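S.K.: Got protein-v4.cif for you, mmCIF, C-alpha atoms:
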```
data_data
loop_
_atom_site.group_PDB
_atom_site.id
_atom_site.type_symbol
_atom_site.label_atom_id
_atom_site.label_comp_id
_atom_site.auth_asym_id
_atom_site.auth_seq_id
_atom_site.Cartn_x
_atom_site.Cartn_y
_atom_site.Cartn_z
ATOM 1 C CA MET A 1 -25.895 24.738 -0.442
ATOM 2 C CA LEU A 2 -28.681 25.936 1.866
ATOM 3 C CA GLU A 3 -30.747 22.850 1.051
ATOM 4 C CA ARG A 4 -27.817 20.612 1.981
ATOM 5 C CA LEU A 5 -27.383 22.407 5.319
ATOM 6 C CA MET A 6 -31.101 22.004 6.061
ATOM 7 C CA TYR A 7 -30.880 18.295 5.187
ATOM 8 C CA MET A 8 -27.862 17.859 7.468
ATOM 9 C CA LYS A 9 -29.659 19.638 10.317
ATOM 10 C CA LYS A 10 -32.694 17.367 9.916
ATOM 11 C CA ALA A 11 -30.463 14.276 9.776
ATOM 12 C CA PHE A 12 -28.665 15.374 12.938
ATOM 13 C CA MET A 13 -31.973 15.938 14.767
ATOM 14 C CA ALA A 14 -33.173 12.491 13.661
ATOM 15 C CA LEU A 15 -29.940 10.969 14.972
ATOM 16 C CA LEU A 16 -30.444 12.701 18.326
ATOM 17 C CA MET A 17 -33.991 11.356 18.553
ATOM 18 C CA VAL A 18 -32.762 7.818 17.799
ATOM 19 C CA CYS A 19 -30.104 8.174 20.519
ATOM 20 C CA ALA A 20 -32.732 9.343 23.005
ATOM 21 C CA VAL A 21 -34.985 6.396 22.195
ATOM 22 C CA LEU A 22 -32.066 3.978 22.489
ATOM 23 C CA ALA A 23 -31.031 5.524 25.800
ATOM 24 C CA THR A 24 -34.578 5.151 27.093
ATOM 25 C CA PHE A 25 -34.712 1.495 26.060
ATOM 26 C CA ALA A 26 -31.269 0.848 27.519
ATOM 27 C CA LEU A 27 -32.328 2.351 30.817
ATOM 28 C CA SER A 28 -35.588 0.456 30.960
ATOM 29 C CA ALA A 29 -33.930 -2.749 29.733
ATOM 30 C CA GLY A 30 -31.537 -2.401 32.665
ATOM 31 C CA GLY A 31 -34.622 -3.171 34.636
ATOM 32 C CA ALA A 32 -36.722 -1.215 36.991
ATOM 33 C CA ASP A 33 -34.342 -2.416 39.715
ATOM 34 C CA ALA A 34 -31.057 -1.454 38.067
ATOM 35 C CA GLY A 35 -29.867 0.310 41.231
ATOM 36 C CA ILE A 36 -29.316 3.881 42.267
ATOM 37 C CA PRO A 37 -27.110 5.753 39.794
ATOM 38 C CA SER A 38 -23.542 6.158 40.953
ATOM 39 C CA GLY A 39 -22.499 9.484 42.450
ATOM 40 C CA PRO A 40 -21.330 12.063 42.910
ATOM 41 C CA TYR A 41 -24.717 13.449 43.850
ATOM 42 C CA LEU A 42 -25.832 17.036 43.919
ATOM 43 C CA ASN A 43 -28.032 18.162 46.785
ATOM 44 C CA ALA A 44 -31.473 19.627 46.185
ATOM 45 C CA GLY A 45 -31.035 23.213 45.090
ATOM 46 C CA GLN A 46 -27.563 22.768 43.586
ATOM 47 C CA LYS A 47 -27.073 23.647 39.933
ATOM 48 C CA ALA A 48 -25.427 21.407 37.352
ATOM 49 C CA ILE A 49 -24.049 22.284 33.935
ATOM 50 C CA VAL A 50 -24.847 19.574 31.377
ATOM 51 C CA GLY A 51 -23.704 20.668 27.947
ATOM 52 C CA SER A 52 -25.291 24.042 27.246
ATOM 53 C CA TRP A 53 -27.790 23.676 30.095
ATOM 54 C CA GLU A 54 -27.805 24.901 33.662
ATOM 55 C CA ILE A 55 -30.192 22.597 35.525
ATOM 56 C CA GLN A 56 -31.425 22.792 39.099
ATOM 57 C CA VAL A 57 -33.653 20.327 40.925
ATOM 58 C CA THR A 58 -35.046 21.580 44.202
ATOM 59 C CA GLY A 59 -36.729 19.890 47.135
ATOM 60 C CA GLY A 60 -40.418 20.179 47.801
ATOM 61 C CA ILE A 61 -41.851 17.340 45.743
ATOM 62 C CA LYS A 62 -45.633 17.668 45.411
ATOM 63 C CA TRP A 63 -47.530 14.393 45.897
ATOM 64 C CA THR A 64 -50.965 14.029 44.328
ATOM 65 C CA LYS A 65 -53.409 11.381 43.055
ATOM 66 C CA GLU A 66 -54.450 13.434 40.019
ATOM 67 C CA ILE A 67 -53.144 16.176 37.802
ATOM 68 C CA LYS A 68 -55.650 18.737 36.580
ATOM 69 C CA GLY A 69 -54.987 21.146 33.744
ATOM 70 C CA ASP A 70 -55.951 24.798 33.438
ATOM 71 C CA LYS A 71 -59.550 25.821 33.975
ATOM 72 C CA PRO A 72 -61.296 25.179 30.673
ATOM 73 C CA LYS A 73 -62.881 27.764 28.436
ATOM 74 C CA SER A 74 -66.641 27.582 28.346
ATOM 75 C CA GLY A 75 -67.953 24.391 26.817
ATOM 76 C CA GLU A 76 -64.684 22.469 27.169
ATOM 77 C CA ALA A 77 -63.855 19.745 29.669
ATOM 78 C CA GLN A 78 -60.984 20.251 32.082
ATOM 79 C CA GLN A 79 -58.050 17.997 31.222
ATOM 80 C CA GLN A 80 -56.981 15.679 33.995
ATOM 81 C CA VAL A 81 -55.172 12.417 34.564
ATOM 82 C CA SER A 82 -55.550 10.187 37.602
ATOM 83 C CA SER A 83 -52.910 7.857 38.946
ATOM 84 C CA LYS A 84 -53.494 4.156 38.486
ATOM 85 C CA GLY A 85 -54.637 2.068 41.439
ATOM 86 C CA GLY A 86 -52.010 1.992 44.173
ATOM 87 C CA MET A 87 -49.950 4.726 42.529
ATOM 88 C CA VAL A 88 -49.356 8.437 43.190
ATOM 89 C CA PHE A 89 -47.818 11.259 41.188
ATOM 90 C CA ALA A 90 -44.594 12.897 42.361
ATOM 91 C CA LEU A 91 -44.211 16.379 40.864
ATOM 92 C CA VAL A 92 -40.513 17.287 41.038
ATOM 93 C CA PRO A 93 -39.600 21.004 40.836
ATOM 94 C CA VAL A 94 -36.900 21.848 38.289
ATOM 95 C CA SER A 95 -35.460 24.872 36.562
ATOM 96 C CA VAL A 96 -33.491 24.881 33.328
ATOM 97 C CA LYS A 97 -31.516 27.632 31.644
ATOM 98 C CA ASN A 98 -30.025 27.585 28.173
ATOM 99 C CA VAL A 99 -26.472 28.858 28.701
ATOM 100 C CA GLY A 100 -25.541 28.130 25.085
ATOM 101 C CA ASP A 101 -25.523 30.462 22.111
ATOM 102 C CA ARG A 102 -28.475 29.010 20.158
ATOM 103 C CA THR A 103 -32.082 27.997 20.748
ATOM 104 C CA SER A 104 -32.212 24.426 21.985
ATOM 105 C CA SER A 105 -34.493 21.934 23.701
ATOM 106 C CA LEU A 106 -34.268 19.179 26.288
ATOM 107 C CA LEU A 107 -36.904 17.010 24.608
ATOM 108 C CA VAL A 108 -34.333 14.292 23.904
ATOM 109 C CA ALA A 109 -33.211 14.182 27.550
ATOM 110 C CA VAL A 110 -34.172 11.232 29.717
ATOM 111 C CA TRP A 111 -35.329 12.029 33.264
ATOM 112 C CA ASN A 112 -35.421 9.194 35.811
ATOM 113 C CA LEU A 113 -36.540 9.255 39.426
ATOM 114 C CA TYR A 114 -35.088 6.512 41.643
ATOM 115 C CA ASP A 115 -36.365 5.302 44.976
ATOM 116 C CA VAL A 116 -34.076 4.219 47.814
ATOM 117 C CA TYR A 117 -34.203 0.622 46.515
ATOM 118 C CA GLY A 118 -32.879 1.565 43.067
ATOM 119 C CA LYS A 119 -36.139 1.165 41.166
ATOM 120 C CA SER A 120 -36.415 3.779 38.430
ATOM 121 C CA TYR A 121 -39.455 5.680 37.197
ATOM 122 C CA LEU A 122 -39.470 7.575 33.878
ATOM 123 C CA MET A 123 -40.964 11.044 33.527
ATOM 124 C CA LEU A 124 -44.584 10.892 32.392
ATOM 125 C CA THR A 125 -44.850 12.904 29.208
ATOM 126 C CA PHE A 126 -48.641 12.527 29.126
ATOM 127 C CA GLY A 127 -48.823 13.935 32.662
ATOM 128 C CA ALA A 128 -46.707 16.939 31.677
ATOM 129 C CA ARG A 129 -49.130 17.821 28.877
ATOM 130 C CA VAL A 130 -52.052 17.922 31.307
ATOM 131 C CA MET A 131 -50.380 20.057 33.986
ATOM 132 C CA PRO A 132 -51.639 23.601 34.526
ATOM 133 C CA SER A 133 -49.613 26.229 32.657
ATOM 134 C CA SER A 134 -48.452 27.700 35.997
ATOM 135 C CA ASP A 135 -46.776 24.365 36.909
ATOM 136 C CA TYR A 136 -45.689 23.125 33.474
ATOM 137 C CA VAL A 137 -42.052 23.485 32.422
ATOM 138 C CA SER A 138 -41.682 23.506 28.654
ATOM 139 C CA LEU A 139 -38.407 21.909 27.600
ATOM 140 C CA ALA A 140 -38.760 22.874 23.922
ATOM 141 C CA ASP A 141 -37.245 25.798 22.031
ATOM 142 C CA VAL A 142 -35.468 27.541 24.907
ATOM 143 C CA LYS A 143 -33.670 30.654 23.662
ATOM 144 C CA PRO A 144 -30.084 31.481 24.696
ATOM 145 C CA GLY A 145 -30.084 32.949 28.215
ATOM 146 C CA GLU A 146 -33.725 31.960 28.791
ATOM 147 C CA ALA A 147 -34.662 30.191 32.038
ATOM 148 C CA ARG A 148 -37.794 28.150 32.730
ATOM 149 C CA LYS A 149 -39.096 26.436 35.825
ATOM 150 C CA GLY A 150 -41.907 24.124 36.775
ATOM 151 C CA TYR A 151 -42.571 20.502 37.656
ATOM 152 C CA LEU A 152 -41.788 17.136 36.065
ATOM 153 C CA PRO A 153 -44.357 14.375 36.791
ATOM 154 C CA PHE A 154 -43.455 10.809 37.790
ATOM 155 C CA GLU A 155 -45.780 8.000 38.904
ATOM 156 C CA LEU A 156 -44.666 5.893 41.900
ATOM 157 C CA PRO A 157 -46.245 3.301 44.212
ATOM 158 C CA GLU A 158 -48.416 5.045 46.814
ATOM 159 C CA GLY A 159 -46.969 3.408 49.952
ATOM 160 C CA LEU A 160 -43.360 4.133 48.991
ATOM 161 C CA ASP A 161 -41.304 6.085 51.508
ATOM 162 C CA LYS A 162 -41.233 9.700 50.364
ATOM 163 C CA LYS A 163 -37.622 10.193 51.497
ATOM 164 C CA ASP A 164 -34.321 9.368 49.817
ATOM 165 C CA LYS A 165 -35.151 9.886 46.161
ATOM 166 C CA TYR A 166 -32.664 10.461 43.380
ATOM 167 C CA ILE A 167 -33.376 12.203 40.110
ATOM 168 C CA GLN A 168 -31.108 11.915 37.109
ATOM 169 C CA ILE A 169 -31.079 13.656 33.761
ATOM 170 C CA ILE A 170 -29.267 12.095 30.838
ATOM 171 C CA VAL A 171 -28.718 14.244 27.769
ATOM 172 C CA PRO A 172 -27.626 11.851 24.993
ATOM 173 C CA LEU A 173 -24.113 12.470 23.675
ATOM 174 C CA VAL A 174 -23.654 15.306 26.204
ATOM 175 C CA GLY A 175 -23.692 14.138 29.825
ATOM 176 C CA SER A 176 -25.732 13.572 32.953
ATOM 177 C CA ALA A 177 -26.300 14.818 36.492
ATOM 178 C CA THR A 178 -27.885 13.214 39.562
ATOM 179 C CA TRP A 179 -29.470 14.873 42.606
ATOM 180 C CA LYS A 180 -30.269 13.300 45.963
ATOM 181 C CA LEU A 181 -33.579 14.714 47.181
#
```
Hey, can you dump this file as structure tokens for me?
M.R.:
Amino acid sequence: MLERLMYMKKAFMALLMVCAVLATFALSAGGADAGIPSGPYLNAGQKAIVGSWEIQVTGGIKWTKEIKGDKPKSGEAQQQVSSKGGMVFALVPVSVKNVGDRTSSLLVAVWNLYDVYGKSYLMLTFGARVMPSSDYVSLADVKPGEARKGYLPFELPEGLDKKDKYIQIIVPLVGSATWKL
């Protein structure tokens, strides 16, 4: 019986991962110019409940050409990633809280940042892994009642107006929320 429950849990997690991948492809297949997501929009600083998550995106985007990790231990190189030519990183401050009754993660969620023209930019997972621990927000294995905060990295064209951005989270099979920053 226990083995069957474990198998079902693994099958469910695999299904969630497939849904996340399909959602990502559907969003990117909609084109980088699919348009700004429809409202209603939350303002920076407002909290949204999406499933068992309380999520808040605040203003104060950090703009940078490179992301550097923590200071290395002796003999190791400092991790860093530089934006591609003509691009810049936008580090968006977020906080998440698991308001559910079991440990969960937001790893299957899709985060998109939209510019005023409706072009979307996916969160850079490789950039998140390089961020310093003081800025990194881990979206894995969040215990019930636990809150975490930090930044999500996106890469955008350098000359783009830094006003009127929208950020959207889509949690497959659960829901979504959109903030106007």
S.K.: If the PyMOL selection byres ((chain A and resi 126-132) around 8) were run on this exact file, what residues would it hold? Put them as a PyMOL selection string.
M.R.: chain A and resi 67-70+79-81+124-125+133-136+152-153
S.K.: Show which residues sit within 12 Å of A:Tyr117, as a list in words. Count all atoms listed in the file, and ignore same-chain residues fewer than 3 positions away.
M.R.: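 Near neighbours after the sequence-gap exclusion: Ala32, Asp33, Ala34, Gly35, Ile36, Pro37, Leu113, Tyr114, Ser120, Tyr121, Leu160, Asp161, Lys163, Asp164, Lys165 and Tyr166 of chain A.
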S.K.: Would you mind reading off the distance between atom CA of A:Thr58 and atom CA of A:Leu107, one decimal, in Å?
M.R.: 20.2 Å
S.K.: Run through the PyMOL selection byres ((chain A and resi 178) around 10) on the given coordinates and return the selected residues as a VMD selection string.
M.R.: chain A and resid 36 to 44 48 57 111 to 113 166 to 170 176 to 177 179 to 181
S.K.: Choose the residue, out of A:Glu155, A:Val142, A:Leu173, A:Val50, that has the smallest atom-to-atom separation from A:Gly86; count only C-alpha atoms.
M.R.: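 Of A:Glu155, A:Val142, A:Leu173, A:Val50, the one nearest A:Gly86, counting only C-alpha atoms, is A:Glu155.
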S.K.: Which centre and edge lengths in Å to one decimal define the box along x, y and z that fits every listed atom of stretch 60-74 of chain A plus 3 Å per side, as JSON?
M.R.:
```
{"center_x": -53.5, "center_y": 19.6, "center_z": 38.1, "size_x": 32.2, "size_y": 22.4, "size_z": 25.5}
```
S.K.: Could you work out how far atom CA of A:Ala109 lies from atom CA of A:Ala147, giving the answer in Å with one decimal?
M.R.: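 Calculated distance between atom CA of A:Ala147 and atom CA of A:Ala109 is 16.7 Å.
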S.K.: Between atom CA of A:Leu106 and atom CA of A:Ser82, measure the distance and give it in Å to one decimal.
M.R.: 25.7 Å
S.K.: Smallest atom-to-atom distance to A:Asn98: which of A:Asp115, A:Met123, A:Lys149, A:Ser74, using all atoms listed in the file?
M.R.: A:Lys149
S.K.: The PyMOL selection byres ((chain A and resi 83) around 6) - which residues does that actually catch in the file I just gave you? List them as a PyMOL selection string.
M.R.: chain A and resi 65-66+82+84+87-88
S.K.: Which one of A:Lys47, A:Arg148, A:Lys162, A:Arg102 sits closest to A:Trp63 if you count all atoms listed in the file?
M.R.: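 Ranked by minimum distance to A:Trp63, first place goes to A:Lys162.
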